[in-house]
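**Student:** Provided herewith: model_34.cif, mmCIF, C-alpha atoms and all ligand atoms.
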```cif
data_start
#
loop_
_atom_site.label_atom_id
_atom_site.label_comp_id
_atom_site.auth_asym_id
_atom_site.auth_seq_id
_atom_site.Cartn_x
_atom_site.Cartn_y
_atom_site.Cartn_z
CA MET A 1 31.11 -12.46 -3.81
CA ARG A 2 30.69 -9.95 -6.59
CA PHE A 3 27.53 -9.04 -8.48
CA SER A 4 27.52 -11.46 -11.45
CA THR A 5 28.52 -14.38 -9.25
CA ARG A 6 25.69 -13.61 -6.84
CA ALA A 7 23.25 -13.19 -9.74
CA ILE A 8 24.07 -16.71 -10.88
CA HIS A 9 24.45 -18.43 -7.49
CA ALA A 10 22.71 -16.59 -4.63
CA GLY A 11 19.79 -18.70 -3.40
CA GLN A 12 20.51 -21.18 -6.20
CA ASP A 13 22.62 -24.00 -4.77
CA PRO A 14 22.32 -27.27 -6.72
CA ASP A 15 19.25 -29.22 -5.62
CA PRO A 16 20.29 -31.41 -2.62
CA VAL A 17 18.03 -34.31 -3.67
CA THR A 18 18.76 -34.64 -7.40
CA GLY A 19 21.87 -32.50 -7.93
CA SER A 20 19.93 -30.41 -10.45
CA VAL A 21 22.15 -27.41 -11.25
CA THR A 22 19.18 -25.25 -12.15
CA VAL A 23 16.58 -24.41 -9.52
CA PRO A 24 13.63 -26.77 -10.13
CA VAL A 25 10.18 -25.35 -10.85
CA TYR A 26 8.13 -26.60 -7.91
CA LEU A 27 4.67 -26.92 -9.42
CA THR A 28 2.87 -27.75 -6.20
CA SER A 29 0.27 -25.96 -4.13
CA THR A 30 0.77 -27.92 -0.92
CA TYR A 31 3.43 -29.95 0.97
CA GLN A 32 3.41 -33.09 3.12
CA GLN A 33 3.69 -32.20 6.82
CA PRO A 34 5.58 -34.19 9.49
CA GLY A 35 2.30 -34.65 11.40
CA PRO A 36 -0.63 -32.76 12.92
CA GLY A 37 0.63 -29.70 14.78
CA LYS A 38 4.12 -30.14 13.30
CA GLU A 39 4.99 -27.81 10.44
CA GLY A 40 7.46 -28.59 7.67
CA LYS A 41 9.60 -25.93 6.01
CA TYR A 42 6.91 -25.44 3.34
CA VAL A 43 3.18 -25.69 3.98
CA TYR A 44 1.22 -24.01 1.20
CA SER A 45 2.49 -22.20 -1.91
CA ARG A 46 0.73 -18.88 -1.27
CA THR A 47 2.89 -18.62 1.86
CA ALA A 48 6.11 -19.93 0.30
CA ASN A 49 7.35 -22.03 -2.61
CA PRO A 50 10.98 -23.20 -3.07
CA THR A 51 11.35 -21.69 -6.57
CA ARG A 52 10.10 -18.39 -5.18
CA THR A 53 12.42 -18.66 -2.16
CA ALA A 54 15.40 -19.01 -4.51
CA LEU A 55 14.34 -15.85 -6.36
CA GLU A 56 13.72 -13.94 -3.13
CA GLU A 57 17.15 -14.82 -1.73
CA CYS A 58 18.82 -13.84 -4.98
CA LEU A 59 16.99 -10.49 -5.13
CA ALA A 60 17.92 -9.70 -1.51
CA SER A 61 21.57 -10.38 -2.31
CA LEU A 62 21.61 -8.26 -5.48
CA GLU A 63 20.03 -5.24 -3.78
CA ALA A 64 22.42 -5.43 -0.81
CA GLY A 65 19.43 -6.20 1.39
CA ARG A 66 18.66 -9.04 3.76
CA HIS A 67 15.12 -10.00 2.77
CA GLY A 68 13.33 -10.23 -0.54
CA LEU A 69 9.73 -10.94 -1.50
CA ALA A 70 8.52 -11.78 -4.98
CA PHE A 71 5.07 -10.67 -6.19
CA SER A 72 2.82 -11.34 -9.16
CA SER A 73 3.47 -7.84 -10.57
CA GLY A 74 5.18 -4.57 -9.73
CA MET A 75 1.76 -3.18 -8.85
CA ALA A 76 1.10 -6.12 -6.49
CA ALA A 77 4.36 -5.33 -4.67
CA THR A 78 3.40 -1.65 -4.46
CA THR A 79 -0.14 -2.43 -3.26
CA THR A 80 1.19 -4.74 -0.54
CA ILE A 81 3.57 -2.05 0.77
CA LEU A 82 0.73 0.48 0.88
CA LEU A 83 -1.54 -1.96 2.74
CA SER A 84 0.84 -1.73 5.69
CA LEU A 85 -0.59 1.78 6.28
CA LYS A 86 -3.88 2.54 7.98
CA GLN A 87 -6.71 4.97 7.48
CA GLY A 88 -5.56 8.59 7.96
CA ASP A 89 -1.89 7.92 7.16
CA HIS A 90 -0.10 10.29 4.80
CA VAL A 91 2.21 9.49 1.88
CA ILE A 92 4.53 11.87 0.01
CA ALA A 93 5.25 10.78 -3.55
CA GLY A 94 7.24 12.13 -6.46
CA ASP A 95 5.05 14.05 -8.91
CA ASP A 96 6.11 12.01 -11.95
CA ILE A 97 6.04 8.49 -10.51
CA TYR A 98 4.94 5.57 -12.70
CA GLY A 99 1.38 6.19 -13.96
CA GLY A 100 0.04 2.92 -12.56
CA THR A 101 1.36 3.84 -9.11
CA TYR A 102 -0.29 7.27 -9.31
CA ARG A 103 -3.57 5.64 -10.43
CA LEU A 104 -3.43 3.15 -7.52
CA PHE A 105 -2.84 5.96 -5.02
CA GLU A 106 -5.44 8.36 -6.41
CA GLN A 107 -8.20 6.14 -7.76
CA VAL A 108 -8.06 3.23 -5.33
CA LEU A 109 -6.25 3.89 -2.04
CA ARG A 110 -7.57 7.40 -1.48
CA ASN A 111 -11.00 5.73 -1.09
CA TYR A 112 -9.61 3.85 1.91
CA GLY A 113 -8.66 7.03 3.76
CA LEU A 114 -4.98 7.29 2.83
CA GLN A 115 -3.69 10.78 2.05
CA PHE A 116 -1.26 11.59 -0.76
CA THR A 117 0.83 14.67 -1.55
CA TYR A 118 2.87 14.91 -4.77
CA VAL A 119 6.02 17.02 -4.94
CA ASN A 120 9.03 17.37 -7.22
CA PRO A 121 11.69 15.52 -5.17
CA GLU A 122 14.54 16.79 -7.37
CA ASN A 123 14.58 19.53 -4.78
CA PRO A 124 14.56 17.68 -1.40
CA ASP A 125 13.20 20.81 0.33
CA ASN A 126 9.89 20.12 -1.40
CA VAL A 127 9.69 16.78 0.41
CA GLU A 128 10.66 18.32 3.74
CA LYS A 129 7.95 20.99 3.39
CA ALA A 130 5.31 18.35 2.64
CA ILE A 131 5.99 16.33 5.84
CA ARG A 132 3.02 16.13 8.22
CA LYS A 133 2.64 14.54 11.66
CA ASN A 134 0.93 11.55 10.02
CA THR A 135 3.46 11.05 7.19
CA GLN A 136 4.35 7.34 7.18
CA LEU A 137 5.84 6.81 3.73
CA VAL A 138 7.91 8.69 1.16
CA TRP A 139 7.77 7.19 -2.35
CA ILE A 140 10.27 8.08 -5.08
CA GLU A 141 11.66 6.83 -8.38
CA THR A 142 15.03 7.82 -9.80
CA PRO A 143 15.63 8.39 -12.67
CA THR A 144 12.01 9.38 -13.22
CA ASN A 145 9.81 8.33 -16.08
CA PRO A 146 9.88 9.62 -18.82
CA LEU A 147 11.93 12.77 -18.09
CA MET A 148 14.87 10.97 -16.47
CA ARG A 149 15.08 13.41 -13.59
CA ILE A 150 17.52 12.41 -10.84
CA VAL A 151 16.46 12.32 -7.20
CA ASP A 152 19.07 12.36 -4.42
CA ILE A 153 18.25 9.21 -2.45
CA ARG A 154 20.56 10.11 0.45
CA GLN A 155 19.01 13.56 0.99
CA ILE A 156 15.46 12.24 0.82
CA SER A 157 16.38 9.43 3.22
CA LYS A 158 17.67 11.94 5.79
CA ILE A 159 14.38 13.84 5.61
CA SER A 160 12.31 10.64 5.86
CA LYS A 161 14.27 9.35 8.85
CA LYS A 162 13.83 12.62 10.71
CA ALA A 163 10.08 12.33 10.16
CA HIS A 164 10.04 8.61 11.15
CA ALA A 165 8.65 7.78 7.73
CA LEU A 166 9.84 4.88 5.59
CA LEU A 167 11.52 5.70 2.29
CA VAL A 168 10.53 3.48 -0.63
CA VAL A 169 12.53 3.68 -3.87
CA ASP A 170 11.13 2.14 -7.06
CA ASN A 171 14.41 0.97 -8.62
CA THR A 172 12.89 -0.53 -11.79
CA PHE A 173 14.63 1.84 -14.23
CA MET A 174 18.15 1.17 -12.94
CA SER A 175 17.98 -2.50 -11.85
CA PRO A 176 20.12 -3.67 -8.89
CA TYR A 177 23.18 -3.77 -11.16
CA LEU A 178 23.26 0.01 -11.55
CA GLN A 179 21.77 1.32 -8.31
CA ASN A 180 21.26 -0.04 -4.78
CA PRO A 181 19.02 2.42 -2.91
CA LEU A 182 19.30 0.53 0.41
CA GLU A 183 22.97 1.53 0.50
CA HIS A 184 21.93 5.19 0.33
CA GLY A 185 19.38 5.02 3.15
CA ALA A 186 16.19 3.70 1.52
CA ASP A 187 14.11 1.37 3.72
CA ILE A 188 12.39 -0.59 0.97
CA VAL A 189 13.30 -1.12 -2.69
CA VAL A 190 10.51 -2.07 -5.05
CA HIS A 191 10.90 -3.52 -8.55
CA SER A 192 8.77 -4.35 -11.49
CA THR A 193 10.69 -7.53 -12.38
CA THR A 194 8.74 -7.37 -15.65
CA LYS A 195 11.44 -4.98 -16.88
CA TYR A 196 15.26 -5.40 -16.60
CA LEU A 197 15.30 -8.22 -14.03
CA GLY A 198 13.18 -10.51 -16.22
CA GLY A 199 14.74 -8.77 -19.19
CA HIS A 200 13.01 -10.61 -22.03
CA SER A 201 9.52 -9.07 -22.11
CA ASP A 202 7.98 -12.46 -21.38
CA LEU A 203 6.57 -12.17 -17.86
CA ILE A 204 4.90 -9.87 -15.33
CA GLY A 205 6.38 -9.77 -11.82
CA GLY A 206 7.35 -7.57 -8.89
CA ALA A 207 9.55 -7.57 -5.79
CA THR A 208 10.33 -5.82 -2.53
CA ILE A 209 13.70 -5.87 -0.78
CA THR A 210 14.63 -4.56 2.68
CA LYS A 211 17.32 -4.87 5.35
CA ASP A 212 14.84 -4.38 8.19
CA VAL A 213 13.46 -7.56 9.74
CA ASP A 214 10.36 -5.79 11.13
CA VAL A 215 9.50 -4.29 7.74
CA GLN A 216 10.03 -7.72 6.19
CA SER A 217 7.75 -9.51 8.68
CA ARG A 218 4.99 -6.99 8.06
CA LEU A 219 5.30 -7.30 4.27
CA LYS A 220 5.58 -11.10 4.44
CA TYR A 221 2.45 -11.26 6.60
CA LEU A 222 0.57 -9.01 4.16
CA GLN A 223 1.85 -10.91 1.13
CA ASN A 224 0.36 -14.12 2.51
CA ALA A 225 -2.81 -12.40 3.72
CA VAL A 226 -3.43 -10.57 0.44
CA GLY A 227 -2.11 -13.30 -1.84
CA ALA A 228 -0.66 -11.47 -4.85
CA VAL A 229 2.10 -14.06 -5.29
CA PRO A 230 3.84 -15.16 -8.50
CA GLY A 231 3.61 -18.71 -9.79
CA PRO A 232 6.74 -20.89 -9.75
CA LEU A 233 7.16 -20.72 -13.55
CA ASP A 234 7.30 -16.93 -13.46
CA CYS A 235 9.79 -17.08 -10.58
CA TYR A 236 11.93 -19.43 -12.65
CA LEU A 237 11.83 -17.04 -15.62
CA VAL A 238 12.90 -14.07 -13.49
CA LEU A 239 15.76 -16.13 -12.01
CA ARG A 240 16.82 -17.14 -15.50
CA GLY A 241 16.73 -13.51 -16.62
CA ILE A 242 18.77 -12.38 -13.62
CA LYS A 243 21.65 -14.69 -14.53
CA THR A 244 22.49 -12.43 -17.51
CA LEU A 245 21.50 -9.11 -15.88
CA ALA A 246 25.06 -7.80 -15.63
CA VAL A 247 26.02 -8.50 -19.25
CA ARG A 248 22.70 -7.17 -20.51
CA MET A 249 22.98 -3.97 -18.48
CA ASP A 250 26.54 -3.36 -19.70
CA ARG A 251 25.26 -3.58 -23.26
CA HIS A 252 22.17 -1.42 -22.48
CA ASN A 253 24.57 1.18 -21.04
CA GLU A 254 26.81 1.17 -24.13
CA ASN A 255 24.03 1.14 -26.72
CA THR A 256 22.11 3.91 -24.98
CA ARG A 257 25.18 6.12 -24.85
CA THR A 258 25.67 5.71 -28.60
CA VAL A 259 21.99 6.38 -29.31
CA SER A 260 22.07 9.47 -27.07
CA GLU A 261 25.09 10.81 -28.97
CA PHE A 262 23.31 10.26 -32.29
CA LEU A 263 20.17 12.04 -31.05
CA ALA A 264 22.12 14.97 -29.58
CA LYS A 265 23.55 15.64 -33.06
CA GLN A 266 20.17 15.79 -34.82
CA PRO A 267 19.04 19.33 -35.67
CA LYS A 268 15.43 18.11 -35.37
CA VAL A 269 15.99 17.12 -31.72
CA GLU A 270 15.28 19.92 -29.26
CA LYS A 271 16.49 18.20 -26.08
CA VAL A 272 17.75 14.80 -24.92
CA ASN A 273 16.96 13.58 -21.39
CA TYR A 274 19.63 11.08 -20.39
CA PRO A 275 21.66 10.76 -17.18
CA GLY A 276 24.85 10.20 -19.19
CA LEU A 277 24.89 13.65 -20.83
CA PRO A 278 28.40 15.07 -20.36
CA ASP A 279 27.06 18.38 -18.99
CA HIS A 280 24.33 16.88 -16.78
CA PRO A 281 23.59 19.35 -13.95
CA GLN A 282 23.22 16.53 -11.39
CA ARG A 283 26.56 14.87 -12.21
CA SER A 284 27.65 14.55 -8.57
CA ILE A 285 24.45 12.78 -7.44
CA ILE A 286 24.62 10.49 -10.47
CA LYS A 287 28.20 9.59 -9.65
CA ARG A 288 27.36 8.83 -6.04
CA GLN A 289 24.28 6.66 -6.48
CA MET A 290 24.43 5.22 -10.01
CA LYS A 291 26.97 2.77 -11.48
CA GLY A 292 25.89 3.44 -15.04
CA ASN A 293 23.37 5.47 -16.99
CA GLY A 294 21.02 2.65 -17.92
CA GLY A 295 19.01 1.86 -21.00
CA MET A 296 16.35 4.57 -20.92
CA LEU A 297 16.25 8.02 -22.47
CA SER A 298 13.71 10.45 -23.83
CA PHE A 299 13.92 13.35 -26.27
CA GLN A 300 11.87 16.21 -27.63
CA LEU A 301 11.41 16.43 -31.36
CA ARG A 302 10.88 19.76 -33.08
CA GLY A 303 7.43 19.96 -34.63
CA GLY A 304 5.02 18.22 -32.27
CA PHE A 305 2.87 15.12 -32.46
CA ASN A 306 2.77 14.75 -36.28
CA GLN A 307 6.55 14.65 -36.53
CA CYS A 308 6.70 12.11 -33.69
CA LYS A 309 4.14 9.96 -35.46
CA LYS A 310 6.08 10.15 -38.73
CA LEU A 311 9.34 9.15 -37.04
CA LEU A 312 7.86 6.25 -35.09
CA GLU A 313 6.03 4.88 -38.12
CA ARG A 314 9.25 4.83 -40.19
CA LEU A 315 11.25 2.70 -37.77
CA SER A 316 11.63 -1.02 -38.30
CA VAL A 317 14.19 -2.24 -35.74
CA PHE A 318 12.60 -0.23 -32.91
CA THR A 319 9.15 -1.54 -32.01
CA VAL A 320 6.47 0.99 -31.10
CA ALA A 321 5.33 -0.35 -27.72
CA GLU A 322 4.90 0.50 -24.05
CA SER A 323 7.04 -1.15 -21.36
CA LEU A 324 10.84 -1.26 -21.18
CA GLY A 325 13.86 -3.19 -20.01
CA GLY A 326 13.77 -6.08 -22.48
CA VAL A 327 16.45 -7.18 -24.92
CA GLU A 328 14.59 -5.53 -27.81
CA SER A 329 14.49 -1.78 -28.44
CA LEU A 330 11.12 -0.13 -27.84
CA ILE A 331 10.03 3.40 -28.65
CA GLU A 332 6.88 5.20 -27.60
CA HIS A 333 5.07 8.53 -27.43
CA PRO A 334 4.20 9.12 -23.73
CA ALA A 335 1.48 11.74 -24.37
CA SER A 336 -0.61 9.29 -26.41
CA MET A 337 0.60 6.00 -24.91
CA THR A 338 2.09 5.42 -21.42
CA HIS A 339 0.95 8.77 -20.04
CA ALA A 340 -2.32 9.20 -21.98
CA SER A 341 -4.35 8.79 -18.78
CA VAL A 342 -2.59 11.77 -17.14
CA PRO A 343 -4.82 14.85 -17.64
CA ARG A 344 -3.27 17.13 -20.29
CA ASP A 345 -2.77 20.09 -17.91
CA ARG A 346 -0.97 17.96 -15.34
CA ARG A 347 1.06 16.26 -18.06
CA LEU A 348 2.26 19.55 -19.53
CA LYS A 349 2.99 20.93 -16.08
CA LEU A 350 5.25 17.92 -15.46
CA GLY A 351 7.05 18.61 -18.74
CA ILE A 352 5.64 15.62 -20.64
CA SER A 353 5.05 17.61 -23.82
CA ASP A 354 3.29 16.41 -26.99
CA ASN A 355 6.66 16.18 -28.77
CA LEU A 356 8.35 13.92 -26.22
CA ILE A 357 9.49 10.44 -27.26
CA ARG A 358 10.69 7.74 -24.83
CA VAL A 359 13.13 5.02 -25.83
CA SER A 360 14.05 1.75 -24.14
CA VAL A 361 17.30 0.91 -25.91
CA GLY A 362 17.75 -2.84 -26.31
CA ILE A 363 20.87 -4.95 -26.74
CA GLU A 364 20.79 -5.38 -30.53
CA ASP A 365 23.83 -4.34 -32.61
CA VAL A 366 23.95 -0.62 -32.04
CA GLU A 367 24.85 0.06 -35.70
CA ASP A 368 21.43 -1.30 -36.66
CA LEU A 369 19.72 0.89 -34.09
CA VAL A 370 21.49 4.03 -35.30
CA GLN A 371 20.85 3.13 -38.94
CA ASP A 372 17.15 2.64 -38.19
CA LEU A 373 16.92 6.02 -36.42
CA ASN A 374 18.89 7.67 -39.21
CA ARG A 375 16.40 6.40 -41.79
CA GLY A 376 13.55 7.66 -39.63
CA PHE A 377 15.07 11.13 -39.19
CA LYS A 378 15.78 11.46 -42.93
CA ALA A 379 12.04 11.09 -43.57
CA LEU A 380 11.16 14.08 -41.36
C1 LIG A 401 6.24 -1.19 -15.07
C2 LIG A 401 6.52 -0.40 -13.86
C3 LIG A 401 5.79 -0.61 -12.68
C4 LIG A 401 4.63 -1.58 -12.59
O1 LIG A 401 5.03 -2.90 -12.73
P1 LIG A 401 4.12 -4.07 -13.35
O2 LIG A 401 5.02 -5.23 -13.31
O3 LIG A 401 3.71 -3.63 -14.71
O4 LIG A 401 2.94 -4.20 -12.45
C5 LIG A 401 6.14 0.13 -11.55
N1 LIG A 401 7.14 1.05 -11.61
C6 LIG A 401 7.84 1.28 -12.73
C7 LIG A 401 8.93 2.31 -12.70
C8 LIG A 401 7.55 0.58 -13.89
O5 LIG A 401 8.24 0.84 -15.01
#
```
Take the structure I supplied and represent it as structure tokens, if you would.
**Tutor:**
Amino acid sequence: MRFSTRAIHAGQDPDPVTGSVTVPVYLTSTYQQPGPGKEGKYVYSRTANPTRTALEECLASLEAGRHGLAFSSGMAATTTILLSLKQGDHVIAGDDIYGGTYRLFEQVLRNYGLQFTYVNPENPDNVEKAIRKNTQLVWIETPTNPLMRIVDIRQISKISKKAHALLVVDNTFMSPYLQNPLEHGADIVVHSTTKYLGGHSDLIGGATITKDVDVQSRLKYLQNAVGAVPGPLDCYLVLRGIKTLAVRMDRHNENTRTVSEFLAKQPKVEKVNYPGLPDHPQRSIIKRQMKGNGGMLSFQLRGGFNQCKKLLERLSVFTVAESLGGVESLIEHPASMTHASVPRDRRLKLGISDNLIRVSVGIEDVEDLVQDLNRGFKAL
């Protein structure tokens, strides 16, 4: 079956007892057992819950994997993956990964004896050079946040395999509709389902997907041991969001292209970061691993922070807010918002300048989005 059909049906057969077409929300913590020493299919909802199972099967199908796990947040999924390592193990991560992931690695997990090296994975040689005997995990995002740099999943996977390290790809920015890292050699895909999968900015959730049964058993064991599981209502909401993922992403793709073209024409815009730019230097990688350019872009505005502030304060359709991937358009200033906790030196070194603006283009009528931006730019 094709993508949209799987999004609507995978793991979601009508309920055998009632015929309910929609997956029921199983609000139960525990399940009746056949007898002492005999286990039913479900025992306790930290371990498994039927609404969650439906979501996990659907996610596995959409990512071209075999096994999915749903978590209470993207960070809970990430934490659980990292807990499969032990003291002294080494991780190589992209140098502009999601700020919360960087904070978890540096401020929390380093205290437990894990080692982290950050490199720019746009050049795979940097990853190869950072490999050590104890490297167990390579962690990348593509496109990166907020500069929309593209990382070649296939190249990084070759390097990871040679080093017997697992490659994890955080696929939140693309969603499974636009990119399936497992098909390009990744071992684990991680998602913040808070973003495109949920799609309506009304929940927090996370997921892992893999093809490897051993990786899955380890993560499943840890998920139950650690306990960062989502409730059945949140699972239901993600499933409901997923049903429209394909149509939403098509519209995100279209709207973002139009917005990028508008921005590229503005004399006050210094540079647009968007995978769909016609002269993008990484065109061949984009073509191989992405089925669309997605709903995210960033741009540099001439004039620094004050100009950014002026623009953002003039907009009325775009909401000034962190997060991304919902139906509504959001705009933010990374240096003072999403990336404010990154020390200024490190931030500037990464290219996250004070005049950078990040946009999550929603699925409103694009004419209204362009009109709103046009009004904002006129005020500069
Ligand atoms: C939001 C986000 C996360 C964290 O997910 P939460 O659901 O907020 O815990 C991880 N990675 C990326 C790329 C994100 O955008």
**Student:** For ligand LIG 401 (chain A), I'd like the enclosing box, axis-aligned and padded by 8 Å on every side, reported as lines of an AutoDock Vina configuration file with centre and edge lengths in Å to one decimal.
**Tutor:**
```
center_x = 5.9
center_y = -1.5
center_z = -13.3
size_x = 22.0
size_y = 23.5
size_z = 19.5
```
**Student:** Using all atoms listed in the file, which residues sit within 8 Å of A:Thr117 once same-chain residues fewer than 2 positions away are excluded, as a list in words?
**Tutor:**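 Residues meeting the cut-off are His90, Val91, Ile92, Ala93, Gln115, Val119 and Ala130 of chain A.
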**Student:** Export C-alpha atoms of the chosen residues as a PDB file, in the coordinates of the input?
**Tutor:**
```pdb
ATOM      1  CA  HIS A  90      -0.100  10.290   4.800  1.00  0.00           C
ATOM      2  CA  VAL A  91       2.210   9.490   1.880  1.00  0.00           C
ATOM      3  CA  ILE A  92       4.530  11.870   0.010  1.00  0.00           C
ATOM      4  CA  ALA A  93       5.250  10.780  -3.550  1.00  0.00           C
ATOM      5  CA  GLN A 115      -3.690  10.780   2.050  1.00  0.00           C
ATOM      6  CA  VAL A 119       6.020  17.020  -4.940  1.00  0.00           C
ATOM      7  CA  ALA A 130       5.310  18.350   2.640  1.00  0.00           C
TER       8      ALA A 130
END
```
**Student:** Figure out the distance between atom CA of A:Gly74 and atom C8 of ligand LIG 401 (chain A), please, to one decimal in Å.
**Tutor:**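 Between atom C8 of ligand LIG 401 (chain A) and atom CA of A:Gly74 the gap is 7.0 Å.
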**Student:** Contacts of stretch 16-31 of chain A at 8 Å or less, counting all atoms listed in the file, minus same-chain residues fewer than 6 places along, as a PyMOL selection string?
**Tutor:** chain A and resi 40+42-46+49-51+54+232-233+236
**Student:** Record the distance separating atom O2 of ligand LIG 401 (chain A) and atom CA of A:Gly326, expressed in Å with one decimal.
**Tutor:**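 Computing it gives 12.7 Å between the two atoms.
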**Student:** Using all atoms listed in the file, find the one residue out of A:Thr135, A:Thr194, A:Ser360, A:Gln289 that sits nearest to ligand LIG 401 (chain A).
**Tutor:**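 Residue with the minimum atom-to-atom distance to ligand LIG 401 (chain A): A:Thr194.
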**Student:** Would you list the residues near (0.2, -2.5, -32.4) (no more than 12 Å away, in the coordinates of the file, using all atoms listed in the file) as a list in words?
**Tutor:**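 Those residues, ordered by chain and then number, are Leu312, Glu313, Thr319, Val320, Ala321, Glu322, Glu332 and Met337 of chain A.
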**Student:** Give me the residues of chain A that have any atom at most 6 Å from an atom of ligand LIG 401 (chain A); for each, the nearest atom pair and the distance in Å, rounded to one decimal. Use all atoms listed in the file, sort by chain and number, and format it as a tab-separated table.
**Tutor:**
```
residue	atom	partner	partner_atom	distance
A:Ser73	CA	A:LIG401	O2	4.1
A:Gly74	CA	A:LIG401	O1	3.4
A:Met75	CA	A:LIG401	O4	3.9
A:Tyr98	CA	A:LIG401	N1	5.1
A:Thr172	CA	A:LIG401	C7	5.0
A:Phe173	CA	A:LIG401	C7	5.9
A:Ser192	CA	A:LIG401	O1	4.2
A:Thr194	CA	A:LIG401	O2	4.9
A:Ile204	CA	A:LIG401	O2	5.1
A:Gly205	CA	A:LIG401	O2	5.0
A:Gly206	CA	A:LIG401	O2	5.5
```
**Student:** Between A:Ile331, A:Leu245, A:Ile363, A:Met148, single out the one closest to A:Ile97, counting all atoms listed in the file.
**Tutor:**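 Answer, going by the shortest atom-to-atom distance: A:Met148.
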**Student:** Of the candidates A:Thr80, A:Asn374, A:Thr244, A:Asn123, which one gets nearest to A:Ile150 if we count only C-alpha atoms?
**Tutor:**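 Going through A:Thr80, A:Asn374, A:Thr244, A:Asn123 one by one, the smallest distance to A:Ile150 is for A:Asn123.
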**Student:** For A:Gly292, which residue among A:Leu277, A:Ile209, A:Leu203, A:Leu178 is the nearest when counting all atoms listed in the file?
**Tutor:**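 Using all atoms listed in the file, A:Gly292 sits closest to A:Leu178.
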**Student:** Which residue, A:Leu109, A:Glu56, A:Gln223, A:Gln266, has the smallest gap to A:Thr193 when you use only C-alpha atoms?
**Tutor:**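 Ranked by minimum distance to A:Thr193, first place goes to A:Glu56.
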**Student:** Between atom CA of A:Ala379 and atom CA of A:Glu270, what is the distance, to one decimal in Å?
**Tutor:**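 These atoms are spaced 17.1 Å apart.
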**Student:** Of the residues A:His252, A:His184, A:Lys220, A:Arg375, which is the one nearest to A:Val169, using all atoms listed in the file?
**Tutor:**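 Once distances to A:Val169 are computed over all atoms listed in the file, the minimum belongs to A:His184.
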**Student:** Residues at most 9 Å from A:Glu122, counting only C-alpha atoms, excluding those fewer than 3 positions away in the same chain, as a PyMOL selection string?
**Tutor:** chain A and resi 94+119+125-126+149-152
**Student:** Per residue of stretch 106-159 of chain A within 8 Å of stretch 82-88 of chain A, which atom pair is closest and at what distance in Å (one decimal), using all atoms listed in the file, listed by chain and increasing number, as JSON lines?
**Tutor:**
```
{"residue": "A:Tyr112", "atom": "CA", "partner": "A:Gln87", "partner_atom": "CA", "distance": 6.4}
{"residue": "A:Gly113", "atom": "CA", "partner": "A:Gln87", "partner_atom": "CA", "distance": 4.7}
{"residue": "A:Leu114", "atom": "CA", "partner": "A:Gly88", "partner_atom": "CA", "distance": 5.3}
{"residue": "A:Gln115", "atom": "CA", "partner": "A:Gly88", "partner_atom": "CA", "distance": 6.6}
{"residue": "A:Asn134", "atom": "CA", "partner": "A:Gly88", "partner_atom": "CA", "distance": 7.4}
{"residue": "A:Gln136", "atom": "CA", "partner": "A:Leu85", "partner_atom": "CA", "distance": 7.5}
```
**Student:** Since fewer atoms than expected are present, regenerate N, CA, C and O atoms for stretch 303-310 of chain A and write them as a PDB file, in the frame of the given file.
**Tutor:**
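What landed in out_17.pdb:
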```pdb
ATOM      1  N   GLY A 303       8.563  20.121 -33.710  1.00  0.00           N
ATOM      2  CA  GLY A 303       7.430  19.960 -34.630  1.00  0.00           C
ATOM      3  C   GLY A 303       6.199  19.265 -34.077  1.00  0.00           C
ATOM      4  O   GLY A 303       5.191  19.205 -34.752  1.00  0.00           O
ATOM      5  N   GLY A 304       6.243  18.742 -32.873  1.00  0.00           N
ATOM      6  CA  GLY A 304       5.020  18.220 -32.270  1.00  0.00           C
ATOM      7  C   GLY A 304       4.616  16.825 -32.686  1.00  0.00           C
ATOM      8  O   GLY A 304       5.400  16.080 -33.283  1.00  0.00           O
ATOM      9  N   PHE A 305       3.366  16.492 -32.374  1.00  0.00           N
ATOM     10  CA  PHE A 305       2.870  15.120 -32.460  1.00  0.00           C
ATOM     11  C   PHE A 305       3.023  14.524 -33.863  1.00  0.00           C
ATOM     12  O   PHE A 305       3.413  13.361 -34.010  1.00  0.00           O
ATOM     13  N   ASN A 306       2.720  15.317 -34.924  1.00  0.00           N
ATOM     14  CA  ASN A 306       2.770  14.750 -36.280  1.00  0.00           C
ATOM     15  C   ASN A 306       4.164  14.275 -36.664  1.00  0.00           C
ATOM     16  O   ASN A 306       4.324  13.229 -37.290  1.00  0.00           O
ATOM     17  N   GLN A 307       5.162  15.053 -36.264  1.00  0.00           N
ATOM     18  CA  GLN A 307       6.550  14.650 -36.530  1.00  0.00           C
ATOM     19  C   GLN A 307       6.893  13.370 -35.756  1.00  0.00           C
ATOM     20  O   GLN A 307       7.549  12.486 -36.287  1.00  0.00           O
ATOM     21  N   CYS A 308       6.432  13.305 -34.515  1.00  0.00           N
ATOM     22  CA  CYS A 308       6.700  12.110 -33.690  1.00  0.00           C
ATOM     23  C   CYS A 308       6.091  10.885 -34.359  1.00  0.00           C
ATOM     24  O   CYS A 308       6.722   9.828 -34.450  1.00  0.00           O
ATOM     25  N   LYS A 309       4.869  11.060 -34.820  1.00  0.00           N
ATOM     26  CA  LYS A 309       4.140   9.960 -35.460  1.00  0.00           C
ATOM     27  C   LYS A 309       4.910   9.486 -36.696  1.00  0.00           C
ATOM     28  O   LYS A 309       5.126   8.298 -36.904  1.00  0.00           O
ATOM     29  N   LYS A 310       5.350  10.465 -37.490  1.00  0.00           N
ATOM     30  CA  LYS A 310       6.080  10.150 -38.730  1.00  0.00           C
ATOM     31  C   LYS A 310       7.351   9.351 -38.403  1.00  0.00           C
ATOM     32  O   LYS A 310       7.639   8.344 -39.035  1.00  0.00           O
TER      33      LYS A 310
END
```
